[in-house]
$ cat protein38.txt   # compact mmCIF, C-alpha atoms
# COMPACT_ATOMS: atom_id res chain seq x y z
CA MET A 31 -6.43 -15.85 -1.84
CA ASN A 32 -5.69 -12.73 -3.85
CA ASP A 33 -3.15 -10.09 -2.91
CA ASP A 34 -5.77 -7.59 -1.72
CA ASP A 35 -7.17 -10.08 0.82
CA LEU A 36 -3.68 -10.63 2.19
CA VAL A 37 -2.98 -6.87 2.28
CA ASP A 38 -6.20 -6.34 4.29
CA ALA A 39 -5.42 -9.20 6.68
CA PHE A 40 -1.86 -7.96 7.25
CA ALA A 41 -3.12 -4.44 8.00
CA GLN A 42 -5.59 -5.75 10.56
CA LEU A 43 -2.92 -7.34 12.70
CA ASP A 44 -3.16 -5.32 15.88
CA GLU A 45 -0.54 -6.00 18.51
CA ALA A 46 1.49 -3.67 20.64
CA SER A 47 5.21 -3.89 20.00
CA SER A 48 7.40 -5.48 22.64
CA ILE A 49 10.67 -4.42 21.05
CA PRO A 50 12.20 -0.92 21.25
CA ALA A 51 10.53 1.53 18.91
CA VAL A 52 12.22 2.87 15.79
CA ASP A 53 12.96 6.61 15.73
CA PRO A 54 10.25 8.08 13.44
CA ALA A 55 12.90 10.34 11.88
CA ARG A 56 14.76 7.21 10.75
CA THR A 57 11.61 5.85 9.11
CA TRP A 58 10.94 9.20 7.46
CA ASP A 59 14.45 9.40 6.07
CA ALA A 60 14.16 5.85 4.77
CA LEU A 61 10.93 6.68 2.96
CA THR A 62 11.99 10.02 1.53
CA ARG A 63 15.70 9.79 0.77
CA ALA A 64 17.27 8.12 -2.23
CA ASN A 65 20.55 6.97 -0.69
CA HIS A 66 20.71 4.80 2.38
CA ALA A 67 23.41 3.19 4.45
CA ASP A 68 24.03 -0.44 3.53
CA GLY A 69 21.48 -2.69 5.16
CA GLU A 70 19.39 0.17 6.52
CA MET A 71 16.34 -0.47 4.34
CA ALA A 72 16.58 -4.24 4.71
CA ALA A 73 16.60 -3.86 8.50
CA LEU A 74 13.55 -1.60 8.44
CA VAL A 75 11.57 -3.79 6.02
CA ASP A 76 12.37 -6.83 8.18
CA ARG A 77 11.03 -4.90 11.14
CA VAL A 78 7.83 -4.18 9.18
CA ALA A 79 7.46 -7.92 8.54
CA ARG A 80 7.66 -8.91 12.20
CA ASP A 81 6.26 -5.92 14.10
CA PRO A 82 2.60 -4.95 13.38
CA ALA A 83 2.91 -1.69 15.32
CA TYR A 84 5.84 -0.66 13.18
CA ALA A 85 4.04 -1.81 10.02
CA ALA A 86 1.29 0.70 10.89
CA GLU A 87 3.88 3.46 11.43
CA TRP A 88 5.39 2.61 8.07
CA ARG A 89 1.97 2.87 6.36
CA ILE A 90 1.40 6.31 7.84
CA GLY A 91 4.89 7.30 6.72
CA VAL A 92 4.13 6.17 3.17
CA ALA A 93 0.93 8.26 3.12
CA PHE A 94 2.70 11.34 4.52
CA ALA A 95 5.78 10.94 2.30
CA ALA A 96 3.53 10.82 -0.78
CA GLU A 97 2.00 14.16 0.25
CA ALA A 98 5.43 15.67 0.95
CA GLU A 99 6.63 14.53 -2.46
CA ARG A 100 3.56 16.07 -4.08
CA ASP A 101 4.38 19.39 -2.40
CA ALA A 102 8.04 19.18 -3.38
CA SER A 103 7.21 18.47 -7.03
CA ARG A 104 4.75 21.37 -7.03
CA VAL A 105 7.50 23.72 -5.85
CA GLU A 106 10.09 22.37 -8.27
CA ALA A 107 7.87 21.86 -11.33
CA PRO A 108 8.81 24.30 -14.08
CA PRO A 109 5.92 26.52 -15.12
CA SER A 110 4.38 25.86 -18.50
CA ALA A 111 5.40 28.06 -21.42
CA ARG A 112 2.05 29.87 -21.30
CA ALA A 113 2.40 30.53 -17.57
CA ARG A 114 6.06 31.52 -17.99
CA TRP A 115 5.93 34.28 -20.56
CA PRO A 116 4.34 37.01 -18.40
CA TRP A 117 7.10 36.39 -15.84
CA ILE A 118 9.76 36.63 -18.52
CA ALA A 119 8.23 39.89 -19.75
CA ALA A 120 8.09 41.21 -16.20
CA ALA A 121 11.72 40.21 -15.62
CA ILE A 122 12.86 41.97 -18.80
CA ALA A 123 10.91 45.09 -17.81
CA ALA A 124 12.41 44.99 -14.32
CA GLY A 125 15.90 44.55 -15.80
CA LEU A 126 15.42 47.55 -18.11
CA ALA A 127 14.10 49.63 -15.24
CA LEU A 128 17.08 48.65 -13.05
CA THR A 129 19.54 49.49 -15.85
CA TRP A 130 17.90 52.86 -16.41
CA SER A 131 17.86 53.54 -12.69
CA LEU A 132 21.55 52.67 -12.24
CA SER A 133 22.56 54.69 -15.28
CA ARG A 134 20.98 57.84 -13.77
CA ARG A 135 22.66 57.39 -10.40
CA ALA A 136 26.39 58.09 -9.93
CA PRO A 137 27.86 55.50 -7.56
CA PRO A 138 28.99 57.05 -4.25
CA ASP A 139 31.73 54.44 -3.99
CA ALA A 140 33.36 52.81 -6.96
CA SER A 141 33.32 49.42 -5.27
CA ALA A 142 29.63 49.55 -4.33
CA PRO A 143 28.22 48.19 -7.62
CA ASP A 144 30.70 45.33 -7.39
CA ALA A 145 29.49 44.58 -3.90
CA VAL A 146 25.88 44.69 -5.07
CA ARG A 147 26.71 42.34 -7.90
CA ALA A 148 28.67 40.03 -5.64
CA ALA A 149 25.88 39.91 -3.10
CA LYS A 150 23.19 39.38 -5.69
CA SER A 151 25.00 36.66 -7.59
CA ALA A 152 26.35 34.84 -4.53
CA LYS A 153 25.34 31.23 -4.50
CA ILE A 154 26.57 29.28 -1.53
CA GLU A 155 27.10 25.56 -1.92
CA ALA A 156 28.16 23.00 0.64
CA THR A 157 31.60 21.45 0.13
CA SER A 158 31.67 19.22 3.21
CA PRO A 159 30.50 15.59 3.22
CA SER A 160 26.83 14.89 3.88
CA ARG A 161 27.74 12.31 6.54
CA ALA A 162 29.47 12.64 9.89
CA ARG A 163 30.38 10.16 12.60
CA SER A 164 28.77 10.62 15.96
CA ASN A 165 32.02 10.25 17.94
CA GLU A 166 34.17 12.62 15.88
CA PRO A 167 34.16 16.36 15.28
CA ALA A 168 32.73 17.28 11.89
CA THR A 169 33.51 20.20 9.65
CA LEU A 170 30.84 22.06 7.76
CA SER A 171 32.28 23.92 4.79
CA TRP A 172 30.94 25.93 1.89
CA THR A 173 32.01 27.84 -1.18
CA PRO A 174 33.43 31.31 -0.51
CA VAL A 175 31.38 34.40 -1.27
CA ALA A 176 33.23 37.38 -2.73
CA ARG A 177 33.38 40.39 -0.39
CA ALA A 178 31.74 38.56 2.49
CA LYS A 179 32.97 40.00 5.80
CA GLN A 180 31.91 36.99 7.80
CA TYR A 181 29.47 34.10 7.85
CA ARG A 182 26.85 33.10 10.36
CA VAL A 183 26.21 29.40 10.85
CA PHE A 184 22.88 27.88 11.85
CA VAL A 185 22.47 24.20 12.69
CA SER A 186 19.30 22.55 13.90
CA ASP A 187 18.23 19.00 14.64
CA ASN A 188 15.63 17.16 12.60
CA GLN A 189 12.87 18.73 14.68
CA LEU A 190 14.30 22.14 13.81
CA ARG A 191 15.48 22.82 17.35
CA PRO A 192 18.52 25.11 17.11
CA ILE A 193 21.89 23.58 17.98
CA ILE A 194 24.12 26.35 16.63
CA ASP A 195 22.24 29.62 16.44
CA GLY A 196 24.06 32.07 14.20
CA GLU A 197 27.67 31.72 15.34
CA ALA A 198 30.01 33.95 13.37
CA THR A 199 33.12 32.82 11.50
CA THR A 200 35.36 34.51 8.94
CA ASP A 201 36.41 31.15 7.42
CA GLU A 202 34.39 29.14 4.93
CA ARG A 203 34.20 26.32 7.44
CA PHE A 204 32.82 25.62 10.86
CA SER A 205 33.71 22.84 13.23
CA LEU A 206 31.03 20.89 15.08
CA ASP A 207 32.30 19.39 18.32
CA ALA A 208 31.95 15.65 18.77
CA ALA A 209 29.85 16.46 21.85
CA VAL A 210 27.22 18.01 19.58
CA LEU A 211 26.99 14.82 17.52
CA THR A 212 27.16 12.27 20.33
CA GLY A 213 23.86 10.51 20.83
CA ARG A 214 22.49 11.69 17.49
CA GLU A 215 23.21 8.49 15.56
CA GLY A 216 20.72 8.08 12.76
CA GLU A 217 19.63 11.73 12.88
CA THR A 218 19.88 14.18 10.03
CA LEU A 219 21.01 17.66 11.05
CA LEU A 220 20.06 20.68 8.98
CA TRP A 221 22.47 23.54 8.47
CA ARG A 222 22.83 26.75 6.54
CA VAL A 223 25.05 29.82 6.47
CA GLU A 224 24.49 33.48 5.85
CA ALA A 225 27.19 35.56 4.21
CA GLU A 226 27.32 39.07 5.70
CA PHE A 227 28.68 42.07 3.82
CA ALA A 228 29.86 45.49 4.90
CA THR A 229 26.87 47.34 3.53
CA GLU A 230 24.70 44.89 1.60
CA PRO A 231 22.03 42.67 3.12
CA PRO A 232 23.13 39.14 3.97
CA VAL A 233 22.86 36.29 1.48
CA ALA A 234 21.58 32.97 2.76
CA SER A 235 22.58 29.55 1.51
CA PRO A 236 20.05 26.80 0.89
CA THR A 237 19.55 24.42 3.80
CA PHE A 238 21.97 21.49 3.71
CA ARG A 239 21.84 18.16 5.52
CA VAL A 240 24.38 16.09 7.34
CA PHE A 241 23.55 12.56 8.39
CA VAL A 242 25.06 11.40 11.68
CA SER A 243 26.16 7.80 11.39
CA PRO A 244 27.22 5.52 14.26
CA PRO A 245 30.92 5.42 15.16
CA MET B 822 -6.21 22.37 2.01
CA PHE B 823 -3.20 21.14 4.03
CA GLU B 824 -5.55 20.30 6.88
CA ALA B 825 -7.75 18.12 4.65
CA ARG B 826 -4.71 16.33 3.20
CA LEU B 827 -3.28 15.76 6.67
CA ARG B 828 -6.57 14.24 7.83
CA THR B 829 -6.83 12.01 4.76
CA ALA B 830 -3.23 10.81 4.96
CA THR B 831 -3.50 10.11 8.70
CA ARG B 832 -6.77 8.26 8.28
CA ARG B 833 -5.30 6.19 5.44
CA GLY B 834 -2.43 4.83 7.53
CA CYS B 835 -3.85 4.98 11.05
CA PRO B 836 -4.36 1.65 12.88
CA ARG B 837 -8.04 0.84 13.17
CA TRP B 838 -8.05 0.99 16.98
CA ALA B 839 -6.70 4.58 16.87
CA LEU B 840 -9.28 5.97 14.43
CA PRO B 841 -11.65 7.11 17.19
CA HIS B 842 -8.77 9.28 18.44
CA LEU B 843 -8.12 10.82 15.02
CA ASP B 844 -8.91 14.37 16.18
CA ASP B 845 -6.48 14.10 19.10
CA ILE B 846 -3.76 12.81 16.77
CA LEU B 847 -4.35 15.62 14.28
CA GLN B 848 -4.28 18.17 17.08
CA GLN B 849 -0.83 16.98 18.17
CA ALA B 850 0.41 17.14 14.58
CA ARG B 851 -0.93 20.70 14.17
CA ALA B 852 0.68 21.83 17.41
CA ALA B 853 4.02 20.32 16.39
CA ILE B 854 3.88 22.02 12.98
CA HIS B 855 3.11 25.33 14.65
CA ASP B 856 6.04 25.01 17.07
CA ALA B 857 8.40 23.95 14.29
CA SER B 858 7.25 26.85 12.09
CA VAL B 859 7.98 29.35 14.85
CA ARG B 860 11.42 27.81 15.47
CA HIS B 861 12.18 27.73 11.76
CA ARG B 862 11.25 31.39 11.27
CA ARG B 863 13.37 32.39 14.26
CA THR B 864 16.37 30.33 13.14
CA PHE B 865 16.25 30.54 9.38
CA GLY B 866 14.17 33.68 8.83
CA ALA B 867 11.90 31.85 6.42
CA GLU B 868 8.72 29.82 6.37
CA LEU B 869 8.91 26.11 7.12
CA PRO B 870 8.99 24.29 3.74
CA PRO B 871 5.92 22.11 3.13
CA SER B 872 8.03 18.95 2.95
CA HIS B 873 9.35 19.68 6.47
CA GLN B 874 5.80 20.20 7.67
CA TRP B 875 5.02 16.62 6.68
CA ARG B 876 8.11 15.35 8.45
CA VAL B 877 7.20 17.17 11.64
CA ALA B 878 3.58 16.01 11.35
CA TYR B 879 4.74 12.42 10.89
CA THR B 880 6.93 12.43 13.99
CA ALA B 881 4.18 14.01 16.10
CA THR B 882 1.58 11.56 14.76
CA ILE B 883 3.72 8.54 15.59
CA ASP B 884 4.49 9.90 19.05
CA GLU B 885 0.79 10.39 19.74
CA ILE B 886 -0.19 6.94 18.44
CA ARG B 887 2.48 5.37 20.64
CA ARG B 888 1.21 7.33 23.63
CA LEU B 889 -2.35 6.19 22.92
CA SER B 890 -1.15 2.62 22.46
CA ILE B 891 0.51 2.61 25.88
CA ARG B 892 -2.62 4.08 27.46
CA ARG B 893 -4.73 1.48 25.67
CA SER B 894 -2.59 -1.42 26.88
CA GLU B 895 -2.84 -0.16 30.45
CA GLN B 896 -6.63 -0.07 30.33
CA LEU B 897 -8.54 -3.30 30.98
CA PRO B 898 -11.11 -3.81 29.65
CA PRO B 899 -10.35 -1.78 26.48
CA GLU B 900 -11.97 1.61 26.30
CA PRO B 901 -15.25 1.78 24.32
CA ALA B 902 -13.59 3.95 21.69
CA ASP B 903 -11.63 0.87 20.57
CA SER B 904 -14.76 -0.62 19.06
CA ASP B 905 -15.72 0.83 15.71
CA GLY B 906 -18.73 -1.47 15.44
CA ALA B 907 -17.77 -2.71 12.00
CA GLU B 908 -16.85 -6.26 13.04
CA SER B 909 -17.87 -8.71 15.69
CA PRO B 910 -15.27 -9.87 18.26
CA GLU B 911 -15.22 -13.25 16.49
CA GLN B 912 -14.48 -11.67 13.12
CA ARG B 913 -11.82 -9.56 14.73
CA SER B 914 -10.21 -12.54 16.37
CA TYR B 915 -10.20 -14.48 13.10
CA ALA B 916 -8.66 -11.53 11.22
CA SER B 917 -5.99 -11.32 13.88
CA GLN B 918 -5.22 -15.06 13.51
CA ILE B 919 -4.76 -14.61 9.77
CA GLY B 920 -2.49 -11.65 10.36
CA ARG B 921 -0.36 -13.69 12.74
CA ALA B 922 -0.18 -16.56 10.25
CA ILE B 923 1.00 -14.14 7.56
CA ARG B 924 3.69 -12.86 9.88
CA GLU B 925 4.87 -16.38 10.70
CA CYS B 926 4.96 -17.34 7.03
CA LEU B 927 6.87 -14.17 6.16
CA SER B 928 9.56 -15.10 8.66
CA ARG B 929 10.12 -18.37 6.79
CA LEU B 930 10.64 -16.81 3.36
CA SER B 931 14.08 -16.17 1.92
CA VAL B 932 15.28 -12.63 2.67
CA MET B 933 14.65 -10.98 -0.69
CA ARG B 934 11.28 -12.66 -1.22
CA ARG B 935 10.30 -11.64 2.31
CA HIS B 936 11.21 -8.03 1.58
CA GLY B 937 9.29 -8.05 -1.69
CA ALA B 938 6.19 -9.65 -0.15
CA THR B 939 6.32 -7.39 2.91
CA LEU B 940 6.31 -4.24 0.81
CA ARG B 941 3.49 -5.63 -1.32
CA LEU B 942 1.50 -6.34 1.84
CA GLN B 943 2.12 -2.75 2.90
CA GLY B 944 0.49 -1.56 -0.32
CA HIS B 945 3.65 -0.57 -2.22
CA SER B 946 3.63 -0.78 -5.99
CA ILE B 947 6.43 -2.61 -7.82
CA LYS B 948 8.03 0.71 -8.69
CA GLU B 949 7.90 1.92 -5.09
CA ALA B 950 9.29 -1.35 -3.77
CA ALA B 951 12.14 -1.11 -6.27
CA ARG B 952 12.95 2.43 -5.07
CA VAL B 953 12.76 1.52 -1.38
CA LEU B 954 15.03 -1.52 -1.70
CA GLY B 955 17.34 -0.14 -4.39
CA TRP B 956 16.35 -2.86 -6.86
CA SER B 957 15.57 -2.75 -10.56
CA THR B 958 11.87 -2.81 -11.39
CA LYS B 959 12.31 -6.25 -12.93
CA LYS B 960 13.92 -7.64 -9.78
CA ALA B 961 11.24 -6.07 -7.56
CA ASP B 962 8.51 -7.55 -9.76
CA ASN B 963 10.15 -10.97 -9.59
CA MET B 964 10.73 -10.93 -5.81
CA ILE B 965 7.20 -9.69 -5.08
CA TYR B 966 5.67 -12.32 -7.33
CA ARG B 967 7.71 -15.17 -5.87
CA GLY B 968 7.39 -13.88 -2.31
CA MET B 969 3.60 -13.63 -2.52
CA ASP B 970 3.47 -17.06 -4.13
CA ASP B 971 5.54 -18.60 -1.31
CA LEU B 972 3.38 -16.78 1.23
CA ARG B 973 0.16 -18.19 -0.25
CA THR B 974 1.63 -21.70 -0.29
CA CYS B 975 2.68 -21.40 3.36
CA LEU B 976 -0.77 -20.11 4.37
CA GLU B 977 -2.50 -22.92 2.50
CA ARG B 978 -0.37 -25.46 4.34
CA LYS B 979 -1.55 -23.89 7.57
CA GLY B 980 -5.13 -24.13 6.37
CA VAL B 981 -5.56 -20.35 6.42
CA LYS B 982 -7.92 -18.67 3.98
CA PRO B 983 -8.53 -14.94 4.38

$ encode --input "protein38.txt" --output "C-alpha cells"
Amino acid sequence: MNDDDLVDAFAQLDEASSIPAVDPARTWDALTRANHADGEMAALVDRVARDPAYAAEWRIGVAFAAEAERDASRVEAPPSARARWPWIAAAIAAGLALTWSLSRRAPPDASAPDAVRAAKSAKIEATSPSRARSNEPATLSWTPVARAKQYRVFVSDNQLRPIIDGEATTDERFSLDAAVLTGREGETLLWRVEAEFATEPPVASPTFRVFVSPP
Amino acid sequence: MFEARLRTATRRGCPRWALPHLDDILQQARAAIHDASVRHRRTFGAELPPSHQWRVAYTATIDEIRRLSIRRSEQLPPEPADSDGAESPEQRSYASQIGRAIRECLSRLSVMRRHGATLRLQGHSIKEAARVLGWSTKKADNMIYRGMDDLRTCLERKGVKP
C-alpha cells in the first residue's frame, strides 16, 4: 500500500456529516493565516480525520488558498530590475515636473503646502490589538495623521457586510460595543479608517483585521 | 483567467458526487464574488482584493455543496447525476469500506501521528503540514512517516488492501 493509494481511498470516503458544520470562514483563516489560537489547528485537523464531509471542505480550501496565495505573491512581488527602471525614470520625471510646477505657483495659503505634504505622506497604522473578546467592548486605534480634521471608521464582517459604515470621530480611536461582537466568535472583522482634511482629499489606511475570540 | 482558475480549483477539491453540479457551484461562487465586490466598493471605495475574492468564493462554494448534500440525502433513490459512470456500485462500495477503515485506524493513532497522517492523506506536503501545525519540517516529516507507517500496519491487521 503506497501513500497515493491511501490518499485516493481517503478522498473517496463519501458520507454526510452528522455533526455541526464548521464555519467556512474558520477553515479559511486556518489555511491562510500564520498565527492561530492554541489548539485551533489540532481541533480542525482532528475534525478532518473523522469527518469525510469536512475533509472535502478542507481539500477545496487548500486548492483555493493556494490560488489566493499566488495572487497575493503576484501583488507583493517586487518587479525585476529591468521592469523597474522605466518606472524609476517616470517617477523622477514626475518629481521634476511637480517641483517645477510648484516653484512657478505662489501658494495662496502658507500652510497649504504643509497640508499637501501631510496628506501625501500620511501612513495610517493600527495600534490596537488584532484580537478582541466577543463579550467585551473593543477599541480600534490607529496612528495620528497630522492636520486631520476627523476620521471616518469602516468595519465589515468577513463577508464584507458593513457593520460600521463611515462613522466620524476626532480621536485616533473608536469603540466597538460588545453587542457588535457578540455572536461573532471565530470571525475576523475587517476595518479601516479615512483621515479627512480641511481642503485635501482624504487618506485611507490599509485594511486591518481583528479576530473575535470566545469570552 | 480567474474563471478558469476558479473552475480548476473547485474541480480539484470537489467531492466526486458533487462534480455533476459543478456549474451550479461555480455560479453561486460568481454571484457571491459579485455581491461582495459591490459591497466592498461601496464601503471601502476600492476593488475587492483578489485574495478576498477567493475567500468569498470558498464560503459560497462550501455553502452550495452543503445545500446540495442536504438535497441529495433527502432524495431516495439518489439522483442520476450522482453517478459519474467511472466505477461500478461494487467498486464504489469497496472504496467506501477502505475509506472507513482508514478513518477508524486514524482514530487509534497517537495525536501527533494522527495529525501528520491526516494531512498527508489530504495531499499536504511535509512543508505545508509543518506550516499548518506549527511544527518544524523535521518534526512534520517524522510524524507523517510514523503516522503513515502506523496507519498501514493497522490496515493490514484489518486485512484491508487498497

$ residues_around --input "protein38.txt" --residues "Thr62 (chain A)" --least-positions-apart "3" --cutoff "12 Å" --atoms "all atoms listed in the file" --output "PDB file with C-alpha atoms, keeping the file's coordinate frame"
ATOM      1  CA  ALA A  55      12.900  10.340  11.880  1.00  0.00           C
ATOM      2  CA  ARG A  56      14.760   7.210  10.750  1.00  0.00           C
ATOM      3  CA  THR A  57      11.610   5.850   9.110  1.00  0.00           C
ATOM      4  CA  TRP A  58      10.940   9.200   7.460  1.00  0.00           C
ATOM      5  CA  ASP A  59      14.450   9.400   6.070  1.00  0.00           C
ATOM      6  CA  ASN A  65      20.550   6.970  -0.690  1.00  0.00           C
ATOM      7  CA  HIS A  66      20.710   4.800   2.380  1.00  0.00           C
ATOM      8  CA  MET A  71      16.340  -0.470   4.340  1.00  0.00           C
ATOM      9  CA  TRP A  88       5.390   2.610   8.070  1.00  0.00           C
ATOM     10  CA  GLY A  91       4.890   7.300   6.720  1.00  0.00           C
ATOM     11  CA  VAL A  92       4.130   6.170   3.170  1.00  0.00           C
ATOM     12  CA  ALA A  93       0.930   8.260   3.120  1.00  0.00           C
ATOM     13  CA  PHE A  94       2.700  11.340   4.520  1.00  0.00           C
ATOM     14  CA  ALA A  95       5.780  10.940   2.300  1.00  0.00           C
ATOM     15  CA  ALA A  96       3.530  10.820  -0.780  1.00  0.00           C
ATOM     16  CA  GLU A  97       2.000  14.160   0.250  1.00  0.00           C
ATOM     17  CA  ALA A  98       5.430  15.670   0.950  1.00  0.00           C
ATOM     18  CA  GLU A  99       6.630  14.530  -2.460  1.00  0.00           C
ATOM     19  CA  ARG A 100       3.560  16.070  -4.080  1.00  0.00           C
ATOM     20  CA  ALA A 102       8.040  19.180  -3.380  1.00  0.00           C
TER      21      ALA A 102
ATOM     22  CA  SER B 872       8.030  18.950   2.950  1.00  0.00           C
ATOM     23  CA  HIS B 873       9.350  19.680   6.470  1.00  0.00           C
ATOM     24  CA  TRP B 875       5.020  16.620   6.680  1.00  0.00           C
ATOM     25  CA  ARG B 876       8.110  15.350   8.450  1.00  0.00           C
ATOM     26  CA  GLU B 949       7.900   1.920  -5.090  1.00  0.00           C
ATOM     27  CA  ARG B 952      12.950   2.430  -5.070  1.00  0.00           C
ATOM     28  CA  VAL B 953      12.760   1.520  -1.380  1.00  0.00           C
TER      29      VAL B 953
END

$ interface_residues --input "protein38.txt" --of "chain A" --to "chain B" --cutoff "6 Å" --atoms "all atoms listed in the file" --output "ChimeraX atom specification"
/A:37,39-40,43,54,79,89-90,93-94,98

$ residues_around --input "protein38.txt" --residues "Lys153 (chain A)" --least-positions-apart "4" --cutoff "9 Å" --atoms "all atoms listed in the file" --output "PyMOL selection string"
chain A and resi 149+173+175+233-236

$ closest_residue --input "protein38.txt" --among "A:Val52, A:Asp76, A:Glu197, A:Glu226" --to "Ala152 (chain A)" --atoms "all atoms listed in the file"
A:Glu226

$ closest_residue --input "protein38.txt" --among "A:Ala198, A:Val240, A:Pro245, A:Leu219" --to "Ala156 (chain A)" --atoms "all atoms listed in the file"
A:Val240

$ atom_distance --input "protein38.txt" --atom1 "CA of Ala961 (chain B)" --atom2 "CA of Ile49 (chain A)"
28.7 Å

$ closest_residue --input "protein38.txt" --among "A:Ser186, A:Ser164, A:Thr200, A:Thr229" --to "Gly216 (chain A)" --atoms "only C-alpha atoms"
A:Ser164

$ residues_around --input "protein38.txt" --residues "Glu155 (chain A)" --least-positions-apart "4" --cutoff "12 Å" --atoms "all atoms listed in the file" --output "list in words"
Pro159, Leu170, Ser171, Trp172, Thr173, Pro174, Val175, Glu202, Arg203, Trp221, Arg222, Val223, Glu224, Ala225, Ala234, Ser235, Pro236, Thr237, Phe238 and Arg239 of chain A

$ closest_residue --input "protein38.txt" --among "A:Asp53, A:Asp207, A:Asp201, A:Asp187" --to "Glu166 (chain A)" --atoms "all atoms listed in the file"
A:Asp207

$ atom_distance --input "protein38.txt" --atom1 "CA of Ala72 (chain A)" --atom2 "CA of Phe241 (chain A)"
18.6 Å

$ atom_distance --input "protein38.txt" --atom1 "CA of Gly196 (chain A)" --atom2 "CA of Lys179 (chain A)"
14.6 Å

$ axis_aligned_box --input "protein38.txt" --around "region 36-44 of chain A" --padding-each-side "5 Å" --output "lines of an AutoDock Vina configuration file"
center_x = -4.0
center_y = -7.5
center_z = 9.0
size_x = 14.3
size_y = 16.2
size_z = 23.7
